[in-house]
Amino acid sequence: MSVLLHNLSREREMENVHLAVEEEDIYSGYNDYNPTFDSEELENDVGFQQAVRTSHGRRPPMTAKFPGTAIGARPLATAFGARIPLASSMGRPMTGAVQDGAARPMTAVRAAGYTSSLTRGSTFDPLGQSKGPAPPLEGKNEDTPEEKIKILEKKVNDLIEESCMAQSIGALQLALEKAKEAGRKERALVRQREQSGNAEHINLDLTYSVLLNLANQYANNEMYPEALNSYQVIVKNKMFSNAGRLKVNMANIYVKQKSYPKAIKFYRMALDQISNAHKELRIKIMQDIGVVFVRMGQYSDAITSFEHIMSESPNIKTGFNLILCYYAIGDRERMKKAFQKLISVPLGIDDEDKYIPSNDDNDSNMVIEAIKNDKLHQMERNLKVLAEKYIMTAAKLIAPAIETSFATGFDWCVDIVKSSQYIELANDLEINKAITYLRQKDFNQAVETLKTFEKKDSRVKSAAATNLSFLYFLEKDYDQADRYADLAMTADRYNPAALINKGNTVFVKQDYEKAAEFYKEALRNDSSCTEALYNLGLTYKKLNRLDEALDCFLKLHAILRNSAQVMYQLANLYELLEDPQQAIEWLIQVLSVTHTDPQALAKLGELYDSEGDKSQAFQYYYESFRYYPSNIDVIEWLGAYYIETQFCEKAIQFFERATLIQPTQVKWQLMVASCYRRSGNYQKALETYKDIHRKFPENVECLRFLVRLCTDMGLNEVQEYATKLKKVEKMKEIREQRVKSGRESNSRGRREGSADSAHSSSTKGERLSAKMRSLPGSNEPYEASSPKEIDASYVDPLGPQMERPKTGAKRRVEDDDFADEELGDDLLPE
């Protein structure tokens with residue numbers, strides 16, 4: 001009977017079992033009726049009643065209203081399968097309990113960790129914490145070939161990523177090392193796959209990535225043969241799809257190596273392997289082919305490529321290159337047509353009026369404010385600036401070539417531009433026309449062209465007036481320069497170039513305080529205006545505000561790191577601040593930029609001389625003499641240095657060069673004769689003194705040494721020269737007496753003047769006789785005549801007219817010692 005009841009229950013359960021289908025409706029089954037849960041017919045169910053009677057004494061007390069609950073007599077099948085009854089004392093399974101001492105769930109689906117009743121001796125533990133911690137996860141076995149291959153693949157990918165990251169930050173050598181290591185790991189991975197019998201599962205994408213990255217890193221490190229070999233490995237492998245595109249990279253390398261025929265060959269091979277669907281890529285390759293033809297000088301082939309691009313997909317850069325090719329072959333008509341095509345190329349950017357906010361819609365204004373300076377708008381602005389640059393350059397290039405005169409050519413370009421979308425460039429072309437006149441030294445035409453802008457809009461008027469102001473400034477017509485500077489400032493007060501020109505006109509009038517104000521205003525309008533900052537530093541130096549001038553030039557040096565003018569000004573300021581060591585350091589930096597500047601070398605020699613370092617001073621003075629052998633101060637210092645070091649023969653060449661530079665200055669010729677005399681060549685010294693006497697017969701010093709030399713050498717000419725000496729000294733004395741008498745007669749009466757003249761005459765006569773007595777006798781050796789050791793304050797015994805050699809170039813280094821202008825004017829703003 002129990003077996004029959006069990007089978008009956010089994011059949012009822014199986015009736016309600018449905019096979020799962022692949023796509024099951026999750027909302028189906030809610031309205032289906034399951035007869036298993038019908039409690040109204042349980043009293044008429046004979047099998048159920050029999051089971052209840054037989055198990056009534058051994059099952060737990062009933063708590064539910066109907067016998068179909070967790071302690072009901074009839075076993076129910078749940079969604080997790082049929083129940084597993086416990087064995088009773090009679091040998092048949094119980095229907096009221098489940099195994100493991102857990103109570104039977106109240107519903108067909110048992111809740112997680114919850115039962116409505118507890119078995120004897122059990123505790124409430126819904127989370128199952130009484131069973132202890134969960135067993136540890138089973139670790140992966142890394143010894144298997146599959147795991148080793150996965151780990152190696154991950155290492156290769158990581159190395160490729162590290163190589164790319166290193167290249168992005170400029171660490172090219174590190175990127176190459178990582179790429180090489182990735183290549184070694186990838187080859188080890190392939191061998192391991194072959195050993196494990198999985199050669200057919202080789203990761204071709206990983207191999208391609210490794211080879212491509214290695215080739216790119218070779219190219220970045222300018223290791224072109226290795227890069228070409230790596231690219232060749234990829235291209236020749238038929239398993240890599242679209243590898244033919246890499247021939248473009250190979251062609252780029254050949255361009256860098258200046259192997260232009262090979263570059264064109266590979267560009268064309270890449271072009272053949274790229275379908276017409278990739279139109280943009282094909283256009284770029286054809287543009288590269290045209291550029292290579294230009295470098296080879298094959299302008300006709302380049303024109304063919306560029307014309308095809310302009311017919312298929314015109315762009316600004318290709319249009320400009322096409323104009324250059326036509327200019328190279330001298331085709332005027334095609335230059336005009338190409339220029340018209342260039343200005344008609346669509347840029348594909350929005351109108352600037354789109355970014356002007358409206359007053360009504362606040363939401364639209366917020367959107368416009370957000371997109372006004374975003375990346376897209378910046379890109380559009382850059383594209384427009386580039387297009388304007390190409391158009392202006394092309395117009396300036398072809399204007400002198402397309403017509404008989406450049407003025408007619410400029411007029412044609414201006415008319416074409418006015419009828420295009422770049423109408424605002426017409427005025428700039430007119431200003432460039434004036435600049436061209438300036439380059440041709442036709443200042444009148446330049447001025448007339450610029451004056452035509454006086455009645456145009458403020459921006460153009462300000463630019464033209466600025467240029468006119470500077471032109472008049474260069475011509476030293478400071479009144480006109482000041483007038484046009486005022487006109488430029490009136491048209492555009494925020495034009496820094498106009499403010500600088502105004503400051504310059506005030507600067508030359510020595511109103512330095514007012515000039516500084518204009519330079520400061522220019523800096524407030526444009527903080528990057530280097531001309532204003534330079535001029536402000538010069539103005540502070542004129543005002544003797546050296547610390548403020550130093551601050552200006554230090555700021556300027558931070559902007560213009562390699563400006564020799566700025567570094568020279570810093571050296572000059574430190575010299576004025578009595579810090580020669582800092583001045584020397586800045587001058588050395590000047591020489592690192594301009595190695596052959598003679599004035600900087602001479603100044604450095606002067607500073608070393610003032611510090612007492614004669615050897616360094618001689619080195620820099622001599623270098624200055626090599627690059628500029630006409631600097632009298634340098635020549636004088638070098639001659640004095642050789643005299644001081646007792647090398648009078650070497651000093652002769654420097655004083656002879658000074659004689660060539662200043663032939664009317666007798667002192668250089670006297671120095672040459674003195675060097676001959678000091679070196680013991682008395683015959684040559686005598687000839688030199690005689691030559692000087694023929695050129696300057698009234699020179700007292702020359703006659704004195706002629707008398708002395710003739711006396712020492714026992715010549716008969718001594719009396720002749722002595723007579724001439726007396727006569728010259730007498731004439732000189734009379735001349736001085738007349739000059740002095742004339743001066744005294746103006747300040748005193750005639751009587752007082754006559755008395756003073758007599759007294760002066762007697763004094764001069766006594767002085768002359770004393771000088772004559774001081775000459776050595778004929779029996780005295782010449783070297784006994786008061787020899788002196790040359791030092792820093794040495795006065796050569798040639799007489800009062802001879803200046804002592806300077807210890808350093810005493811000529812003050814002015815602000816305009818360089819070839820450039822002292823004032824950093826803004827000439828013709830582009």
# chains A, B, ... in the order shown; residues from 1 in each chain; ligands from 1

$ residues_around --residues "Val508 of chain A" --least-positions-apart "5" --cutoff "10 Å" --atoms "only C-alpha atoms" --output "tab-separated table (two decimals) with N, CA, C and O atoms, in the first residue's frame"
chain	number	residue	atom	x	y	z
A	473	PHE	N	60.83	108.01	-37.24
A	473	PHE	CA	61.79	107.90	-36.14
A	473	PHE	C	63.18	107.51	-36.68
A	473	PHE	O	64.21	108.03	-36.23
A	476	LYS	N	64.99	110.27	-38.11
A	476	LYS	CA	65.26	111.30	-37.09
A	476	LYS	C	64.34	112.51	-37.21
A	476	LYS	O	64.67	113.61	-36.74
A	478	TYR	N	61.70	113.49	-35.50
A	478	TYR	CA	60.99	113.09	-34.28
A	478	TYR	C	59.64	113.77	-34.12
A	478	TYR	O	58.74	113.21	-33.47
A	503	GLY	N	56.74	106.24	-26.64
A	503	GLY	CA	57.78	106.28	-25.61
A	503	GLY	C	59.15	106.57	-26.19
A	503	GLY	O	59.96	107.28	-25.58
A	515	ALA	N	58.69	108.60	-20.65
A	515	ALA	CA	58.91	107.44	-21.51
A	515	ALA	C	58.64	106.15	-20.76
A	515	ALA	O	58.03	105.21	-21.30
A	823	LEU	N	67.06	101.21	-28.87
A	823	LEU	CA	65.67	101.09	-28.47
A	823	LEU	C	65.04	99.94	-29.24
A	823	LEU	O	65.12	99.88	-30.45

$ residues_around --residues "segment 179-190 of chain A" --least-positions-apart "3" --cutoff "8 Å" --atoms "only C-alpha atoms" --output "list in words"
Ile149, Leu152, Glu153, Lys155, Val156, Asn157, Leu159, Ile160, Ser163, Ala175, Leu176, Arg193, Glu194, Ala199, Ile202, Leu206, Thr207, Val210, Leu211, Asn213, Leu214 and Gln217 of chain A

$ closest_residue --among "A:Cys164, A:Tyr326, A:Val700, A:Ile253" --to "Glu733 of chain A" --atoms "only C-alpha atoms"
A:Val700

$ residues_around --residues "segment 692-696 of chain A" --least-positions-apart "2" --cutoff "9 Å" --atoms "only C-alpha atoms" --output "list in words"
Val666, Gln669, Leu670, Glu687, Thr688, Tyr689, Lys690, Glu698, Asn699, Cys702, Leu703 and Leu706 of chain A

$ write_last_selection --atoms "C-alpha atoms" --output "CSV table (one decimal), in the first residue's frame"
chain,number,residue,atom,x,y,z
A,666,VAL,CA,101.9,111.6,-34.2
A,669,GLN,CA,104.6,107.0,-34.8
A,670,LEU,CA,106.5,108.2,-31.7
A,687,GLU,CA,115.2,106.7,-39.3
A,688,THR,CA,111.8,106.6,-37.8
A,689,TYR,CA,112.4,109.9,-35.9
A,690,LYS,CA,113.6,111.6,-39.1
A,698,GLU,CA,107.1,121.3,-35.3
A,699,ASN,CA,106.9,118.3,-33.0
A,702,CYS,CA,110.6,114.2,-32.0
A,703,LEU,CA,113.3,116.9,-32.2
A,706,LEU,CA,116.7,113.3,-32.6

$ residues_around --residues "segment 366-370 of chain A" --least-positions-apart "4" --cutoff "9 Å" --atoms "only C-alpha atoms" --output "list of chain:residue names"
A:Lys354, A:Tyr355, A:Ile356, A:Pro357, A:Asp361, A:Asn362, A:Asp374

$ write_last_selection --atoms "N, CA and C atoms" --output "mmCIF file, in the first residue's frame"
data_model
loop_
_atom_site.group_PDB
_atom_site.id
_atom_site.type_symbol
_atom_site.label_atom_id
_atom_site.label_comp_id
_atom_site.auth_asym_id
_atom_site.auth_seq_id
_atom_site.Cartn_x
_atom_site.Cartn_y
_atom_site.Cartn_z
ATOM 1 N N LYS A 354 28.385 83.010 -34.481
ATOM 2 C CA LYS A 354 27.698 81.974 -33.702
ATOM 3 C C LYS A 354 28.043 82.075 -32.221
ATOM 4 N N TYR A 355 29.242 82.571 -31.913
ATOM 5 C CA TYR A 355 29.699 82.608 -30.528
ATOM 6 C C TYR A 355 29.420 83.952 -29.860
ATOM 7 N N ILE A 356 28.644 84.810 -30.510
ATOM 8 C CA ILE A 356 28.251 86.076 -29.892
ATOM 9 C C ILE A 356 26.971 85.845 -29.086
ATOM 10 N N PRO A 357 26.976 86.065 -27.771
ATOM 11 C CA PRO A 357 25.777 85.773 -26.965
ATOM 12 C C PRO A 357 24.668 86.774 -27.248
ATOM 13 N N ASP A 361 18.095 85.079 -24.328
ATOM 14 C CA ASP A 361 18.053 83.693 -23.856
ATOM 15 C C ASP A 361 19.263 83.424 -22.965
ATOM 16 N N ASN A 362 19.002 83.249 -21.662
ATOM 17 C CA ASN A 362 20.110 82.980 -20.732
ATOM 18 C C ASN A 362 20.697 81.589 -20.939
ATOM 19 N N ASP A 374 36.303 76.137 -26.156
ATOM 20 C CA ASP A 374 36.557 74.709 -26.048
ATOM 21 C C ASP A 374 37.563 74.271 -27.114
#

$ residues_around --residues "Lys279 of chain A" --least-positions-apart "4" --cutoff "10 Å" --atoms "only C-alpha atoms" --output "PyMOL selection string"
chain A and resi 274-275+283-284+312-313

$ residues_around --residues "Val634 of chain A" --least-positions-apart "3" --cutoff "7 Å" --atoms "only C-alpha atoms" --output "PyMOL selection string"
chain A and resi 602+621+625+631+637-638+809

$ write_last_selection --atoms "N, CA, C and O atoms" --output "tab-separated table (two decimals), in the first residue's frame"
chain	number	residue	atom	x	y	z
A	602	ALA	N	86.55	92.59	-25.78
A	602	ALA	CA	87.33	93.70	-25.23
A	602	ALA	C	86.84	94.08	-23.85
A	602	ALA	O	87.65	94.37	-22.94
A	621	TYR	N	91.69	90.41	-24.93
A	621	TYR	CA	92.04	91.54	-25.78
A	621	TYR	C	92.59	91.07	-27.13
A	621	TYR	O	92.28	91.64	-28.18
A	625	PHE	N	91.20	91.67	-30.86
A	625	PHE	CA	92.01	92.22	-31.94
A	625	PHE	C	91.95	91.35	-33.19
A	625	PHE	O	91.92	91.85	-34.32
A	631	ASN	N	90.27	98.47	-33.57
A	631	ASN	CA	89.88	99.11	-32.31
A	631	ASN	C	91.12	99.72	-31.67
A	631	ASN	O	92.02	99.01	-31.21
A	637	TRP	N	96.16	98.93	-25.70
A	637	TRP	CA	96.40	98.08	-24.52
A	637	TRP	C	97.39	96.97	-24.84
A	637	TRP	O	98.28	96.67	-24.04
A	638	LEU	N	97.26	96.35	-26.01
A	638	LEU	CA	98.16	95.26	-26.36
A	638	LEU	C	99.59	95.76	-26.53
A	638	LEU	O	100.55	95.10	-26.09
A	809	ALA	N	90.80	99.22	-21.78
A	809	ALA	CA	90.06	100.06	-22.72
A	809	ALA	C	89.14	100.95	-21.94
A	809	ALA	O	88.11	100.51	-21.44

$ atom_distance --atom1 "atom CA of Ala488 of chain A" --atom2 "atom CA of Thr466 of chain A"
5.7 Å

$ closest_residue --among "A:Leu560, A:Phe507, A:Tyr620, A:Glu403" --to "Asn535 of chain A" --atoms "only C-alpha atoms"
A:Phe507

$ atom_distance --atom1 "atom CA of Pro580 of chain A" --atom2 "atom CA of Asp609 of chain A"
10.9 Å

$ select_by_dssp --residues "segment 622-688 of chain A" --states "helix (DSSP H, G or I)" --output "PyMOL selection string"
chain A and resi 622-627+632-644+648-661+666-678+682-688

$ atom_distance --atom1 "atom CA of Ala673 of chain A" --atom2 "atom CA of Ala685 of chain A"
4.8 Å
